[in-house]
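Engineer: One structure coming up, written as structure tokens, with questions to follow.
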Amino acid sequence: MKKVLFIDRDGTIIKETADEQIDAFEKMIFYPRVFTYLGKIAQELDYELVMITNQDGLGTDSFPEDTFWPVHNFILKSFENEGVVFNKVFLDRTFPHENADTRKPGTGLLTEYFSDEYDLENSFVIGDRLTDMELAKNLGSKGIFINDNTNLGTGEITIKREELNGHIVLESNDWQKIYEFLKLKDRVAEISRKTNETDICIKLNLDGTGKSTINTGLEFFDHMLDQIARHGQMDLNVQVKGDLEVDEHHTIEDTAIALGEVFGKALGSKLGIERYGFCLPMDDCLAQVAIDFGGRNWLVWEADFKREMIGKMPTEMFFHFFKSFTDGAKANLNVKAEGTNEHHKIEAIFKAFAKAIKVAVKRDPEKMILPSTKGML
């Protein structure tokens with residue numbers, strides 16, 4: 001099935017004007033780097049490119065066609081010269097008050113895409129208006145919002161995230177960021193693990209923003225897992241029901257195994273990742289954590305604790321947590337920590353662990369190669 005990028009013109013690839021009419025060459029300004037990165041999208045990614053644009057009143061005395069087509073054709077030819085060819089160009093000239101189905105957000109011009117030939121669920125509408133995001137919803141696609149906030153003569157457009165009904169996935173008029181988003185995509189994984197001792201569900205977005213919802217029944221453990229999300233800038237949802245009436249062992253160990261497995265699942269092919277990484281101070285403590293998502297499990301642990309418990313978490317379980325994580329993730333992990341405050345020491349370890357992961361899973365969209373001479377990880 002074919003994926004499509006439905007791309008608006010004015011305010012998306014060329015800057016909008018106050019009168020909303022690009023009817024002269026001197027009014028035409030391309031967005032920075034649009035040729036470079038739309039070119040890379042066309043060459044490297046498997047999307048059909050479709051332009052869809054509302055040109056209100058085109059053909060009337062106030063917007064004659066002979067001023068529109070020379071500029072429009074020049075835009076298309078300029079992109080074609082850079083290897084960017086639009087498979088189709090759809091143009092609606094209906095006035096807004098006429099509410100024609102051919103006018104965005106209506107889908108009247110796009111009926112051919114409602115077929116088994118096209119994968120609309122994984123297609124995108126790229127535009128600068130609410131109508132573009134509404135079009136994405138009507139197509140069953142996703143939206144990429146170009147946040148220009150240009151003065152259009154009627155005041156600045158301010159669009160709030162909650163107005164976009166969940167279809168916004170990016171706010172940027174930087175085509176490099178759009179290219180990186182489309183090429184890299186979010187690495188999302190989910191895993192459920194149920195035994196006679198624990199029932200665990202974990203959802204992970206490696207490319208999130210640091211949001212977390214953690215509930216293991218152990219508040220200090222929740223606090224440590226939150227450090228991974230917050231300092232690793234990943235979204236993490238961990239829900240655990242364990243046999244805490246027995247003790248904490250199964251809950252902590254099984255959560256670590258599942259967490260490692262969901263990391264391995266989210267990393268997928270590991271193309272383009274940095275692979276390695278963190279040294280982090282916290283008051284009296286210094287924690288050093290190095291990780292390698294290289295496909296083999298190993299743990300070096302050099303951290304001693306003088307207290308039996310921190311919160312309701314046995315300090316002996318810290319080793320077991322990281323050992324179980326390396327088993328699940330098939331990763332090498334080297335942990336060292338020194339200091340006098342036991343709480344600070346383990347918190348510094350979890351923060352350094354999160355930072356090490358952040359460094360290791362970072363990707364370079366320009367170098368999507370496997371970081372290994374073996375040919376596999």
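Identifiers for the structure tokens are assigned positionally: chains receive A, B, ... in sequence, residues are indexed from 1 per chain, and ligands are indexed from 1 in the order shown.
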For Ala354 of chain A, list every protein, DNA or RNA residue within 7 Å, evaluated using only C-alpha atoms, and leave out those in the same chain fewer than 6 positions away; present the list as an MDAnalysis selection string.

Structural biologist: chainID A and resid 227:228 231:232

Engineer: Extract, using only C-alpha atoms, all DNA, RNA and protein residues at most 12 Å from segment 40-42 of chain A, discarding same-chain residues fewer than 5 positions from it, and format them as number ranges by chain.

Structural biologist: A: 4-5, 33-35, 47-50, 79-80, 82-87, 175-184, 365-366

Engineer: For Cys279 of chain A, which of A:Asp92, A:Asp128, A:Asp327, A:Glu338 is the closest residue, counting only C-alpha atoms?

Structural biologist: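 Counting only C-alpha atoms, the residue closest to Cys279 of chain A is A:Glu338.
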
Engineer: Using only C-alpha atoms, determine which residues lie at most 10 Å from segment 7-10 of chain A, disregarding the query and same-chain residues fewer than 4 positions distant; provide the list as a ChimeraX atom specification.

Structural biologist: /A:14-17,20-22,28-30,49-55,72,75,86,89-91,104,124-129,132,144,146

Engineer: Could you take the residues named above and write them with C-alpha atoms, as a PDB file, in the first residue's frame?

Structural biologist:
ATOM      1  CA  ILE A  14       6.143  29.085   0.406  1.00  0.00           C
ATOM      2  CA  LYS A  15       5.354  31.829   2.895  1.00  0.00           C
ATOM      3  CA  GLU A  16       1.815  33.115   3.160  1.00  0.00           C
ATOM      4  CA  THR A  17       1.118  36.762   2.277  1.00  0.00           C
ATOM      5  CA  GLU A  20      -3.448  35.384   0.819  1.00  0.00           C
ATOM      6  CA  GLN A  21      -2.685  35.588  -2.913  1.00  0.00           C
ATOM      7  CA  ILE A  22       0.675  34.606  -4.400  1.00  0.00           C
ATOM      8  CA  MET A  28       6.923  34.423  -3.505  1.00  0.00           C
ATOM      9  CA  ILE A  29       9.331  33.380  -0.729  1.00  0.00           C
ATOM     10  CA  PHE A  30      10.291  29.724  -0.234  1.00  0.00           C
ATOM     11  CA  LEU A  49       3.853  13.620  -2.902  1.00  0.00           C
ATOM     12  CA  VAL A  50       0.499  15.338  -3.463  1.00  0.00           C
ATOM     13  CA  MET A  51      -0.074  19.090  -3.354  1.00  0.00           C
ATOM     14  CA  ILE A  52      -3.493  20.255  -2.235  1.00  0.00           C
ATOM     15  CA  THR A  53      -4.179  23.958  -1.917  1.00  0.00           C
ATOM     16  CA  ASN A  54      -7.178  26.251  -1.482  1.00  0.00           C
ATOM     17  CA  GLN A  55      -6.917  29.298  -3.760  1.00  0.00           C
ATOM     18  CA  HIS A  72       2.419  28.426  -9.566  1.00  0.00           C
ATOM     19  CA  ILE A  75       7.067  26.761  -8.060  1.00  0.00           C
ATOM     20  CA  PHE A  86       4.280  16.020  -7.116  1.00  0.00           C
ATOM     21  CA  VAL A  89      -1.726  18.742  -7.726  1.00  0.00           C
ATOM     22  CA  PHE A  90      -5.234  19.519  -6.453  1.00  0.00           C
ATOM     23  CA  LEU A  91      -6.458  23.094  -6.406  1.00  0.00           C
ATOM     24  CA  LYS A 104     -10.173  21.711   2.550  1.00  0.00           C
ATOM     25  CA  PHE A 124       0.359  12.686   6.576  1.00  0.00           C
ATOM     26  CA  VAL A 125      -1.170  16.049   5.802  1.00  0.00           C
ATOM     27  CA  ILE A 126       1.411  18.832   6.120  1.00  0.00           C
ATOM     28  CA  GLY A 127      -0.040  22.313   6.485  1.00  0.00           C
ATOM     29  CA  ASP A 128      -0.263  25.534   8.454  1.00  0.00           C
ATOM     30  CA  ARG A 129      -3.987  25.757   9.261  1.00  0.00           C
ATOM     31  CA  ASP A 132      -5.197  21.010   7.126  1.00  0.00           C
ATOM     32  CA  ILE A 144       2.136  17.776  10.681  1.00  0.00           C
ATOM     33  CA  ILE A 146       3.682  24.102  10.189  1.00  0.00           C
TER      34      ILE A 146
END

Engineer: Near segment 239-247 of chain A, within 9 Å and counting only C-alpha atoms, which residues show up once chain neighbours fewer than 3 positions away are dropped, as a PyMOL selection string?

Structural biologist: chain A and resi 196-203+213-218+250-252+255

Engineer: What's around Glu347 of chain A at 12 Å? Count only C-alpha atoms, leave out sequence neighbours fewer than 6 positions away in its own chain, and write the answer as a PDB file with N, CA and C atoms, in the first residue's frame.

Structural biologist:
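The result, written out as selection_36.pdb:
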ATOM      1  N   PHE A 220       9.377   4.218  46.219  1.00  0.00           N
ATOM      2  CA  PHE A 220      10.753   4.585  45.888  1.00  0.00           C
ATOM      3  C   PHE A 220      11.154   4.007  44.535  1.00  0.00           C
ATOM      4  N   PHE A 221      10.714   2.801  44.218  1.00  0.00           N
ATOM      5  CA  PHE A 221      10.970   2.196  42.919  1.00  0.00           C
ATOM      6  C   PHE A 221      10.306   3.032  41.815  1.00  0.00           C
ATOM      7  N   ASP A 222       9.072   3.485  42.059  1.00  0.00           N
ATOM      8  CA  ASP A 222       8.404   4.371  41.104  1.00  0.00           C
ATOM      9  C   ASP A 222       9.246   5.617  40.844  1.00  0.00           C
ATOM     10  N   HIS A 223       9.775   6.170  41.925  1.00  0.00           N
ATOM     11  CA  HIS A 223      10.600   7.385  41.838  1.00  0.00           C
ATOM     12  C   HIS A 223      11.844   7.136  40.983  1.00  0.00           C
ATOM     13  N   MET A 224      12.465   5.979  41.126  1.00  0.00           N
ATOM     14  CA  MET A 224      13.658   5.666  40.345  1.00  0.00           C
ATOM     15  C   MET A 224      13.314   5.439  38.867  1.00  0.00           C
ATOM     16  N   LEU A 225      12.207   4.762  38.598  1.00  0.00           N
ATOM     17  CA  LEU A 225      11.800   4.547  37.204  1.00  0.00           C
ATOM     18  C   LEU A 225      11.421   5.869  36.535  1.00  0.00           C
ATOM     19  N   ASP A 226      10.866   6.781  37.319  1.00  0.00           N
ATOM     20  CA  ASP A 226      10.548   8.114  36.791  1.00  0.00           C
ATOM     21  C   ASP A 226      11.816   8.853  36.366  1.00  0.00           C
ATOM     22  N   GLN A 227      12.936   8.605  37.059  1.00  0.00           N
ATOM     23  CA  GLN A 227      14.211   9.216  36.674  1.00  0.00           C
ATOM     24  C   GLN A 227      14.621   8.773  35.259  1.00  0.00           C
ATOM     25  N   ILE A 228      14.357   7.504  34.949  1.00  0.00           N
ATOM     26  CA  ILE A 228      14.715   6.988  33.621  1.00  0.00           C
ATOM     27  C   ILE A 228      13.959   7.747  32.546  1.00  0.00           C
ATOM     28  N   HIS A 231      15.005  11.886  32.754  1.00  0.00           N
ATOM     29  CA  HIS A 231      16.363  12.254  32.349  1.00  0.00           C
ATOM     30  C   HIS A 231      16.785  11.580  31.042  1.00  0.00           C
ATOM     31  N   LEU A 280      27.803  11.281  36.227  1.00  0.00           N
ATOM     32  CA  LEU A 280      26.882  12.277  36.745  1.00  0.00           C
ATOM     33  C   LEU A 280      27.087  12.482  38.246  1.00  0.00           C
ATOM     34  N   PRO A 281      27.299  13.732  38.690  1.00  0.00           N
ATOM     35  CA  PRO A 281      27.434  14.006  40.120  1.00  0.00           C
ATOM     36  C   PRO A 281      26.079  14.321  40.744  1.00  0.00           C
ATOM     37  N   MET A 282      25.920  13.985  42.005  1.00  0.00           N
ATOM     38  CA  MET A 282      24.736  14.398  42.762  1.00  0.00           C
ATOM     39  C   MET A 282      25.175  14.644  44.199  1.00  0.00           C
ATOM     40  N   ASP A 283      25.374  15.913  44.510  1.00  0.00           N
ATOM     41  CA  ASP A 283      25.855  16.306  45.828  1.00  0.00           C
ATOM     42  C   ASP A 283      27.155  15.560  46.175  1.00  0.00           C
ATOM     43  N   ASP A 284      27.108  14.693  47.185  1.00  0.00           N
ATOM     44  CA  ASP A 284      28.325  14.017  47.641  1.00  0.00           C
ATOM     45  C   ASP A 284      28.683  12.809  46.773  1.00  0.00           C
ATOM     46  N   CYS A 285      27.841  12.462  45.825  1.00  0.00           N
ATOM     47  CA  CYS A 285      28.018  11.206  45.087  1.00  0.00           C
ATOM     48  C   CYS A 285      28.467  11.438  43.654  1.00  0.00           C
ATOM     49  N   LEU A 286      29.123  10.416  43.112  1.00  0.00           N
ATOM     50  CA  LEU A 286      29.485  10.403  41.692  1.00  0.00           C
ATOM     51  C   LEU A 286      29.112   9.040  41.137  1.00  0.00           C
ATOM     52  N   ALA A 287      28.272   9.045  40.118  1.00  0.00           N
ATOM     53  CA  ALA A 287      27.842   7.796  39.484  1.00  0.00           C
ATOM     54  C   ALA A 287      28.345   7.766  38.057  1.00  0.00           C
ATOM     55  N   GLN A 288      28.855   6.619  37.656  1.00  0.00           N
ATOM     56  CA  GLN A 288      29.319   6.418  36.282  1.00  0.00           C
ATOM     57  C   GLN A 288      28.590   5.210  35.700  1.00  0.00           C
ATOM     58  N   ILE A 310      16.049   1.483  51.267  1.00  0.00           N
ATOM     59  CA  ILE A 310      15.829   2.894  50.954  1.00  0.00           C
ATOM     60  C   ILE A 310      14.372   2.996  50.549  1.00  0.00           C
ATOM     61  N   THR A 315      18.141  -2.537  49.313  1.00  0.00           N
ATOM     62  CA  THR A 315      19.304  -2.120  48.525  1.00  0.00           C
ATOM     63  C   THR A 315      19.945  -3.291  47.786  1.00  0.00           C
ATOM     64  N   PHE A 318      19.038  -3.506  44.009  1.00  0.00           N
ATOM     65  CA  PHE A 318      19.554  -2.616  42.967  1.00  0.00           C
ATOM     66  C   PHE A 318      20.383  -3.408  41.964  1.00  0.00           C
ATOM     67  N   ALA A 337      29.635   3.655  41.522  1.00  0.00           N
ATOM     68  CA  ALA A 337      29.137   4.793  42.299  1.00  0.00           C
ATOM     69  C   ALA A 337      29.894   4.896  43.611  1.00  0.00           C
ATOM     70  N   GLU A 338      30.118   6.139  44.009  1.00  0.00           N
ATOM     71  CA  GLU A 338      30.765   6.394  45.300  1.00  0.00           C
ATOM     72  C   GLU A 338      30.095   7.590  45.947  1.00  0.00           C
ATOM     73  N   GLY A 339      30.097   7.616  47.272  1.00  0.00           N
ATOM     74  CA  GLY A 339      29.470   8.696  48.002  1.00  0.00           C
ATOM     75  C   GLY A 339      29.090   8.244  49.395  1.00  0.00           C
ATOM     76  N   ASN A 341      25.874   9.436  51.014  1.00  0.00           N
ATOM     77  CA  ASN A 341      24.427   9.413  51.194  1.00  0.00           C
ATOM     78  C   ASN A 341      23.828   8.333  50.296  1.00  0.00           C
ATOM     79  N   PHE A 353      22.133   6.328  34.475  1.00  0.00           N
ATOM     80  CA  PHE A 353      21.612   5.255  33.632  1.00  0.00           C
ATOM     81  C   PHE A 353      20.702   5.832  32.545  1.00  0.00           C
ATOM     82  N   ALA A 354      19.801   6.737  32.948  1.00  0.00           N
ATOM     83  CA  ALA A 354      18.895   7.370  31.987  1.00  0.00           C
ATOM     84  C   ALA A 354      19.665   8.170  30.945  1.00  0.00           C
TER      85      ALA A 354
END

Engineer: If you measure from atom CA of Lys88 of chain A to atom CA of Asp174 of chain A, what distance in Å do you get, rounded to one decimal?

Structural biologist: 23.7 Å
